[in-house]
There are 6 protein chains.
Amino acid sequence: MFEDSPMATFGLIDYDQASPEVREIYDDIMRTRQVDRVNNFWKAMAHDPALLRRTWEQVKQVMAPGALDAVTKEMIYVAVSATSQCGYCIASHTAAARKAGMTQAMFAELLAVTALANATNRLASGYQVEIDPAFRTS
Amino acid sequence: MFEDSPMATFGLIDYDQASPEVREIYDDIMRTRQVDRVNNFWKAMAHDPALLRRTWEQVKQVMAPGALDAVTKEMIYVAVSATSQCGYCIASHTAAARKAGMTQAMFAELLAVTALANATNRLASGYQVEIDPAFRTS
Amino acid sequence: MFEDSPMATFGLIDYDQASPEVREIYDDIMRTRQVDRVNNFWKAMAHDPALLRRTWEQVKQVMAPGALDAVTKEMIYVAVSATSQCGYCIASHTAAARKAGMTQAMFAELLAVTALANATNRLASGYQVEIDPAFRTS
Amino acid sequence: MFEDSPMATFGLIDYDQASPEVREIYDDIMRTRQVDRVNNFWKAMAHDPALLRRTWEQVKQVMAPGALDAVTKEMIYVAVSATSQCGYCIASHTAAARKAGMTQAMFAELLAVTALANATNRLASGYQVEIDPAFRTS
Amino acid sequence: MFEDSPMATFGLIDYDQASPEVREIYDDIMRTRQVDRVNNFWKAMAHDPALLRRTWEQVKQVMAPGALDAVTKEMIYVAVSATSQCGYCIASHTAAARKAGMTQAMFAELLAVTALANATNRLASGYQVEIDPAFRTS
Amino acid sequence: MFEDSPMATFGLIDYDQASPEVREIYDDIMRTRQVDRVNNFWKAMAHDPALLRRTWEQVKQVMAPGALDAVTKEMIYVAVSATSQCGYCIASHTAAARKAGMTQAMFAELLAVTALANATNRLASGYQVEIDPAFRTS
């Protein structure tokens, strides 16, 4: 019935099937994000509890507001994911960015910058442009 | 003498050598950015005045503050350029972002998000995670 | 019902729902390409009329026959899109290239070159090959 | 003295140092291309004669004129290499394309298409555009 | 009925429809791999028998156990495919790696390394880190 | 004097200039790896001690021998870095892999697989090959 859609390599581990260690991480994800379910991403990682924990700890630490606010961080995530062509990540972080306050106008500008950067990245490499000495000063 | 460094494919066109059409664009770049020189990128594009004009018009339009401010746009540019591995673009847009107000702390968080997104982009694809139906609602 | 297929982030804007500004661009796309519908790509961009116009003007200008003919340009588009892994772009520009005259034999050679270039791109970087001085002369 | 420039991982094998098996391939490269030296790429591969032979046979077969002519093939190579950000490959295949007849105007259009395709590759993925049913028909 | 799923550009060539030349390659694939069907990948390449033969000969030669064993080679294939975001290749080579003996624990570590490398690839480029002279000695 | 070579964005922090927190991490890196210096990569990250610590902890955890041995992990790192075109990472992890026991023959096969995978990644996407149902079973 799902032959058209990809399926996570070892399947998804739902809360009910999860070990206590995995449940504890799921609980922390839901508590931190104030949601009542965890995304498929975490359910697919849960086969490797060490990876699940390490990835979640990192996401929690890196994506928390700091010198940059949450919506800016989510938008950077979308820009990278669109550049890398990761369909799952584009879908999930576009949703996260909108939840964090990204308007349609902000999304449009985000993608316009992403597209422009990808274009000029290839003009600069294609024309073999030398780095200006002025950019070197640290 | 420069055999170790790349050289722009058809060389760089300095202001003095430039045609009136190219000079006019150089003047607009310097005026808009309030600087007294144009970067090598533009000098390498100047062999194709139509490309130079089109690219500059696009940069001017897309990078102007709008729903997103200038420093956020420059940071997205850096995130994309680091993902694409474009050395020239990383150097030039890091300089531009700093000029637009990016602090060292902001830069550190920007790169931390960029690195994390590149990592999870491959976890999501590698584990073949299905997109959650919840992300589908437009 | 469509949970297996991606859906454009803010949905697609059909001709009937479109603003006069968007319709004008749709009309120009259909007139220029001599077709009676616009692709989903344009319908997804239409939420940002400035992006829609800028992207279309650029496509119209860049893809028009010049020093390179239309089919060569479409084939270069396919080579880039296959390298970037953009499913939508591979599908749409393969269709466009075939319409512009690309035969099955031309497609096969196009992809063979694309595959070979992607392979040697990694051999050259992986072996850390120094650029030959002979390639430096501009 | 060369600490700024990358050096091929196991060094370069010059003709004089090469084994008879490697020399035979070098000879075939020089004969086929009607040149009197082989590029660093081949000298770096020569540590693995089986790879050297396999890669050269493939290049000779794939890059020979067929349904596409030599200059079109070299231009596709440049488009892929600029997209992948392979500095060596951009330098070497730009040189090869020019030798095969690529003019400055053709190069400019080639890079304009490459940049545009890289941009729209990210607009299509970023907006999560669904593939038009019309593109599906094989 | 399959409008949601991509379809190979020129369709798939099944054994029954295949020319004698293609059948011979299919037979060699099935014999070498000790399976009774060929994957869609080969059926899609079969429109270009020269490409089919060249690609298969290369796969057979490169993927055979040598200095590296089969499962290590298949895991490297998965790491590259996840980095490139090639859905088909991730699916097919994860299956091949498991058949060659990759356990779930090995897969988890493989993806953890792949994710980490993709992250640090962008930290190194983003921070514009100079190559240590100590890495230069060939 | 170094205008041809990239310089780390905020410079490198040597042991003598480092804060006690950074020195402690440098000490752990040198102790764990049994070396008497830390690479430029760590010296460039040291401007952000939290990133330095998090990245090092992750590298230490992920790269330690487990279901995969150290040399296999370093080779996967090289395969990813060559695919991403990260010059620094190719140089540093090729050195690390050799130190962990990678022979020249293993390196040659590693790169041959990396090149082949990058090629077939684009054949599979370019031909729009559908995933075989047989790969779906988790």
# chains A, B, ... in the order shown; residues from 1 in each chain; ligands from 1

call {"tool": "residues_around", "arguments": {"residues": "Gln128 in chain F", "least_positions_apart": "2", "cutoff": "10 Å", "atoms": "only C-alpha atoms", "output": "PyMOL selection string"}}
result
(chain C and resi 82+87+90-91) or (chain D and resi 136) or (chain E and resi 5-11+41+44+88) or (chain F and resi 122-126+130-131)

call {"tool": "write_last_selection", "arguments": {"atoms": "N, CA and C atoms", "output": "short mmCIF file (atom, residue, chain, number, x, y, z; two decimals), in the first residue's frame"}}
result
data_model
loop_
_atom_site.label_atom_id
_atom_site.label_comp_id
_atom_site.auth_asym_id
_atom_site.auth_seq_id
_atom_site.Cartn_x
_atom_site.Cartn_y
_atom_site.Cartn_z
N ALA C 82 20.67 17.00 -12.32
CA ALA C 82 21.00 15.63 -11.91
C ALA C 82 22.13 15.66 -10.88
N GLY C 87 14.72 16.51 -8.14
CA GLY C 87 13.79 15.67 -8.88
C GLY C 87 12.86 16.46 -9.79
N ILE C 90 14.86 17.83 -12.84
CA ILE C 90 15.23 16.78 -13.79
C ILE C 90 14.03 16.45 -14.67
N ALA C 91 12.87 16.29 -14.03
CA ALA C 91 11.65 15.94 -14.78
C ALA C 91 11.26 17.06 -15.76
N ARG D 136 5.41 13.14 -16.49
CA ARG D 136 5.55 11.73 -16.14
C ARG D 136 5.59 10.80 -17.34
N SER E 5 4.59 8.84 -8.14
CA SER E 5 5.96 8.31 -8.07
C SER E 5 6.68 8.61 -9.36
N PRO E 6 7.99 8.85 -9.29
CA PRO E 6 8.74 9.09 -10.51
C PRO E 6 8.75 7.83 -11.37
N MET E 7 8.87 8.05 -12.67
CA MET E 7 8.98 6.92 -13.59
C MET E 7 10.25 7.11 -14.40
N ALA E 8 10.98 6.04 -14.60
CA ALA E 8 12.22 6.13 -15.36
C ALA E 8 11.97 6.82 -16.70
N THR E 9 12.90 7.68 -17.08
CA THR E 9 12.69 8.60 -18.21
C THR E 9 12.18 7.91 -19.47
N PHE E 10 12.79 6.82 -19.85
CA PHE E 10 12.33 6.15 -21.07
C PHE E 10 11.70 4.81 -20.73
N GLY E 11 11.29 4.66 -19.48
CA GLY E 11 10.70 3.39 -19.06
C GLY E 11 11.78 2.36 -18.73
N PHE E 41 17.48 0.01 -11.76
CA PHE E 41 18.61 0.81 -12.26
C PHE E 41 19.10 0.28 -13.60
N ALA E 44 16.67 0.67 -16.48
CA ALA E 44 16.56 2.04 -17.00
C ALA E 44 17.76 2.39 -17.88
N TYR E 88 17.32 6.65 -4.59
CA TYR E 88 17.41 5.31 -5.16
C TYR E 88 18.65 4.58 -4.66
N ARG F 122 24.11 10.05 -10.02
CA ARG F 122 23.52 10.94 -11.05
C ARG F 122 22.85 10.15 -12.17
N LEU F 123 23.30 8.95 -12.45
CA LEU F 123 22.58 8.13 -13.43
C LEU F 123 21.20 7.76 -12.88
N ALA F 124 21.14 7.39 -11.61
CA ALA F 124 19.86 7.00 -11.02
C ALA F 124 18.89 8.19 -10.97
N SER F 125 19.40 9.35 -10.59
CA SER F 125 18.51 10.51 -10.54
C SER F 125 18.20 11.00 -11.95
N GLY F 126 19.20 11.03 -12.81
CA GLY F 126 19.01 11.55 -14.16
C GLY F 126 18.02 10.72 -14.96
N GLU F 130 12.74 4.50 -10.61
CA GLU F 130 11.87 4.21 -9.47
C GLU F 130 12.54 3.21 -8.54
N ILE F 131 12.32 3.39 -7.26
CA ILE F 131 12.88 2.46 -6.28
C ILE F 131 12.17 1.11 -6.40
#

call {"tool": "residues_around", "arguments": {"residues": "Met75 in chain E", "least_positions_apart": "2", "cutoff": "10 Å", "atoms": "only C-alpha atoms", "output": "list in words"}}
result
Ala70, Val71, Thr72, Lys73, Tyr77, Val78, Ala79, Val80, Ser81, His93, Thr94, Ala96, Ala97, Arg98, Ala100, Met102, Met106, Phe107, Leu110 and Leu111 of chain E; Thr72, Ile76 and Val113 of chain F

call {"tool": "write_last_selection", "arguments": {"atoms": "C-alpha atoms", "output": "PDB file, in the first residue's frame"}}
result
ATOM      1  CA  ALA E  70      32.516  -6.164  -0.053  1.00  0.00           C
ATOM      2  CA  VAL E  71      30.636  -4.858   2.960  1.00  0.00           C
ATOM      3  CA  THR E  72      33.079  -1.990   3.480  1.00  0.00           C
ATOM      4  CA  LYS E  73      32.672  -1.005  -0.155  1.00  0.00           C
ATOM      5  CA  TYR E  77      28.577   3.620  -1.296  1.00  0.00           C
ATOM      6  CA  VAL E  78      25.809   4.345   1.215  1.00  0.00           C
ATOM      7  CA  ALA E  79      27.843   7.154   2.830  1.00  0.00           C
ATOM      8  CA  VAL E  80      28.340   8.834  -0.541  1.00  0.00           C
ATOM      9  CA  SER E  81      24.705   8.338  -1.586  1.00  0.00           C
ATOM     10  CA  HIS E  93      23.002   0.018  -1.535  1.00  0.00           C
ATOM     11  CA  THR E  94      21.605  -0.225   1.991  1.00  0.00           C
ATOM     12  CA  ALA E  96      23.222  -4.567  -0.798  1.00  0.00           C
ATOM     13  CA  ALA E  97      25.256  -3.733   2.308  1.00  0.00           C
ATOM     14  CA  ARG E  98      22.889  -5.686   4.527  1.00  0.00           C
ATOM     15  CA  ALA E 100      26.904  -8.383   2.361  1.00  0.00           C
ATOM     16  CA  MET E 102      26.179  -5.083   7.483  1.00  0.00           C
ATOM     17  CA  MET E 106      27.310  -1.171  11.714  1.00  0.00           C
ATOM     18  CA  PHE E 107      24.680   0.810   9.829  1.00  0.00           C
ATOM     19  CA  LEU E 110      28.154   4.307   9.351  1.00  0.00           C
ATOM     20  CA  LEU E 111      25.461   6.982   9.387  1.00  0.00           C
TER      21      LEU E 111
ATOM     22  CA  THR F  72      36.943   2.038   8.235  1.00  0.00           C
ATOM     23  CA  ILE F  76      34.102   6.794   5.297  1.00  0.00           C
ATOM     24  CA  VAL F 113      34.145   3.364  -4.941  1.00  0.00           C
TER      25      VAL F 113
END

call {"tool": "calpha_fit_and_write", "arguments": {"fixed": "chain F", "moving": "chain C", "output": "mmCIF file with C-alpha atoms, in the first residue's frame"}}
result
data_model
loop_
_atom_site.group_PDB
_atom_site.id
_atom_site.type_symbol
_atom_site.label_atom_id
_atom_site.label_comp_id
_atom_site.auth_asym_id
_atom_site.auth_seq_id
_atom_site.Cartn_x
_atom_site.Cartn_y
_atom_site.Cartn_z
ATOM 1 C CA MET C 1 52.613 37.411 2.692
ATOM 2 C CA PHE C 2 49.857 34.776 2.854
ATOM 3 C CA GLU C 3 47.541 36.415 0.387
ATOM 4 C CA ASP C 4 47.323 33.221 -1.658
ATOM 5 C CA SER C 5 46.199 30.972 1.159
ATOM 6 C CA PRO C 6 42.965 31.074 3.110
ATOM 7 C CA MET C 7 43.165 32.177 6.715
ATOM 8 C CA ALA C 8 40.823 31.014 9.438
ATOM 9 C CA THR C 9 38.068 33.585 9.878
ATOM 10 C CA PHE C 10 38.998 34.744 13.344
ATOM 11 C CA GLY C 11 42.526 33.361 13.312
ATOM 12 C CA LEU C 12 43.886 30.303 15.112
ATOM 13 C CA ILE C 13 44.186 30.062 18.887
ATOM 14 C CA ASP C 14 47.451 28.445 19.880
ATOM 15 C CA TYR C 15 47.886 26.579 23.139
ATOM 16 C CA ASP C 16 49.775 29.460 24.709
ATOM 17 C CA GLN C 17 46.982 31.941 24.069
ATOM 18 C CA ALA C 18 44.195 29.562 25.007
ATOM 19 C CA SER C 19 41.911 29.896 28.012
ATOM 20 C CA PRO C 20 42.042 27.173 30.676
ATOM 21 C CA GLU C 21 38.752 25.741 29.321
ATOM 22 C CA VAL C 22 40.164 25.484 25.786
ATOM 23 C CA ARG C 23 43.500 24.106 27.026
ATOM 24 C CA GLU C 24 41.708 21.334 28.817
ATOM 25 C CA ILE C 25 40.071 20.276 25.555
ATOM 26 C CA TYR C 26 43.362 20.570 23.666
ATOM 27 C CA ASP C 27 44.935 18.384 26.339
ATOM 28 C CA ASP C 28 42.208 15.789 25.926
ATOM 29 C CA ILE C 29 42.621 15.807 22.135
ATOM 30 C CA MET C 30 46.390 15.305 22.407
ATOM 31 C CA ARG C 31 46.051 12.637 25.083
ATOM 32 C CA THR C 32 43.338 10.709 23.221
ATOM 33 C CA ARG C 33 45.190 10.822 19.922
ATOM 34 C CA GLN C 34 48.629 10.478 21.473
ATOM 35 C CA VAL C 35 50.012 13.435 19.571
ATOM 36 C CA ASP C 36 51.790 16.572 20.766
ATOM 37 C CA ARG C 37 49.884 19.188 18.762
ATOM 38 C CA VAL C 38 46.284 19.937 17.800
ATOM 39 C CA ASN C 39 45.239 20.539 14.215
ATOM 40 C CA ASN C 40 44.261 23.942 12.855
ATOM 41 C CA PHE C 41 40.642 22.784 12.782
ATOM 42 C CA TRP C 42 40.454 22.785 16.578
ATOM 43 C CA LYS C 43 42.406 26.035 16.853
ATOM 44 C CA ALA C 44 39.850 27.722 14.587
ATOM 45 C CA MET C 45 36.859 26.346 16.531
ATOM 46 C CA ALA C 46 38.372 27.489 19.831
ATOM 47 C CA HIS C 47 36.791 30.923 19.482
ATOM 48 C CA ASP C 48 33.560 29.177 20.453
ATOM 49 C CA PRO C 49 34.492 26.909 23.378
ATOM 50 C CA ALA C 50 31.002 25.361 23.488
ATOM 51 C CA LEU C 51 31.282 24.379 19.806
ATOM 52 C CA LEU C 52 34.839 23.162 20.368
ATOM 53 C CA ARG C 53 33.769 20.940 23.256
ATOM 54 C CA ARG C 54 30.608 19.657 21.566
ATOM 55 C CA THR C 55 32.427 18.876 18.314
ATOM 56 C CA TRP C 56 35.318 17.166 20.051
ATOM 57 C CA GLU C 57 33.051 15.086 22.305
ATOM 58 C CA GLN C 58 31.143 14.014 19.226
ATOM 59 C CA VAL C 59 34.281 13.158 17.250
ATOM 60 C CA LYS C 60 35.672 11.218 20.215
ATOM 61 C CA GLN C 61 32.443 9.260 20.613
ATOM 62 C CA VAL C 62 31.620 8.671 16.927
ATOM 63 C CA MET C 63 35.126 7.862 15.686
ATOM 64 C CA ALA C 64 36.048 5.435 18.461
ATOM 65 C CA PRO C 65 36.169 1.790 17.328
ATOM 66 C CA GLY C 66 32.844 0.019 17.813
ATOM 67 C CA ALA C 67 30.911 -2.061 15.321
ATOM 68 C CA LEU C 68 33.265 -0.481 12.754
ATOM 69 C CA ASP C 69 37.007 -0.186 13.317
ATOM 70 C CA ALA C 70 38.926 3.093 13.267
ATOM 71 C CA VAL C 71 40.329 2.800 9.759
ATOM 72 C CA THR C 72 36.928 2.031 8.231
ATOM 73 C CA LYS C 73 35.485 5.092 9.955
ATOM 74 C CA GLU C 74 38.290 7.319 8.709
ATOM 75 C CA MET C 75 37.831 6.014 5.183
ATOM 76 C CA ILE C 76 34.106 6.784 5.298
ATOM 77 C CA TYR C 77 35.091 10.283 6.422
ATOM 78 C CA VAL C 78 37.352 10.661 3.395
ATOM 79 C CA ALA C 79 34.614 9.399 1.039
ATOM 80 C CA VAL C 80 32.157 11.974 2.390
ATOM 81 C CA SER C 81 34.732 14.786 2.335
ATOM 82 C CA ALA C 82 35.717 14.049 -1.268
ATOM 83 C CA THR C 83 32.041 14.029 -2.225
ATOM 84 C CA SER C 84 31.495 17.377 -0.435
ATOM 85 C CA GLN C 85 34.730 18.840 -1.879
ATOM 86 C CA CYS C 86 36.092 19.885 1.532
ATOM 87 C CA GLY C 87 39.828 20.333 0.932
ATOM 88 C CA TYR C 88 40.758 20.625 4.586
ATOM 89 C CA CYS C 89 38.828 17.494 5.544
ATOM 90 C CA ILE C 90 40.249 15.419 2.692
ATOM 91 C CA ALA C 91 43.780 16.359 3.770
ATOM 92 C CA SER C 92 43.261 15.798 7.484
ATOM 93 C CA HIS C 93 41.267 12.570 7.292
ATOM 94 C CA THR C 94 43.492 11.045 4.621
ATOM 95 C CA ALA C 95 46.345 11.605 7.064
ATOM 96 C CA ALA C 96 44.257 10.139 9.895
ATOM 97 C CA ALA C 97 43.227 7.121 7.832
ATOM 98 C CA ARG C 98 46.831 6.384 6.884
ATOM 99 C CA LYS C 99 47.851 6.642 10.530
ATOM 100 C CA ALA C 100 45.040 4.198 11.360
ATOM 101 C CA GLY C 101 46.406 1.684 8.871
ATOM 102 C CA MET C 102 45.000 2.567 5.454
ATOM 103 C CA THR C 103 47.416 1.333 2.789
ATOM 104 C CA GLN C 104 47.832 2.872 -0.638
ATOM 105 C CA ALA C 105 45.834 -0.009 -2.132
ATOM 106 C CA MET C 106 42.989 0.571 0.306
ATOM 107 C CA PHE C 107 43.008 4.293 -0.509
ATOM 108 C CA ALA C 108 42.852 3.562 -4.230
ATOM 109 C CA GLU C 109 39.835 1.286 -3.790
ATOM 110 C CA LEU C 110 38.173 3.779 -1.445
ATOM 111 C CA LEU C 111 38.405 6.505 -4.058
ATOM 112 C CA ALA C 112 37.345 4.201 -6.858
ATOM 113 C CA VAL C 113 34.150 3.355 -4.936
ATOM 114 C CA THR C 114 33.606 7.033 -4.080
ATOM 115 C CA ALA C 115 33.924 8.035 -7.728
ATOM 116 C CA LEU C 116 31.667 5.233 -8.927
ATOM 117 C CA ALA C 117 28.997 6.051 -6.353
ATOM 118 C CA ASN C 118 29.028 9.713 -7.324
ATOM 119 C CA ALA C 119 28.597 8.704 -10.958
ATOM 120 C CA THR C 120 25.739 6.261 -10.418
ATOM 121 C CA ASN C 121 24.064 8.700 -7.990
ATOM 122 C CA ARG C 122 23.535 10.930 -11.053
ATOM 123 C CA LEU C 123 22.589 8.120 -13.430
ATOM 124 C CA ALA C 124 19.874 6.996 -11.014
ATOM 125 C CA SER C 125 18.512 10.507 -10.538
ATOM 126 C CA GLY C 126 19.020 11.543 -14.164
ATOM 127 C CA TYR C 127 17.129 8.515 -15.471
ATOM 128 C CA GLN C 128 14.504 9.037 -12.751
ATOM 129 C CA VAL C 129 14.703 5.389 -11.722
ATOM 130 C CA GLU C 130 11.880 4.211 -9.477
ATOM 131 C CA ILE C 131 12.882 2.458 -6.277
ATOM 132 C CA ASP C 132 12.369 -1.304 -6.560
ATOM 133 C CA PRO C 133 9.621 -2.586 -4.249
ATOM 134 C CA ALA C 134 12.138 -5.208 -3.084
ATOM 135 C CA PHE C 135 14.193 -2.470 -1.380
ATOM 136 C CA ARG C 136 11.211 -1.271 0.661
ATOM 137 C CA THR C 137 10.993 -4.086 3.156
ATOM 138 C CA SER C 138 12.449 -2.784 6.361
#
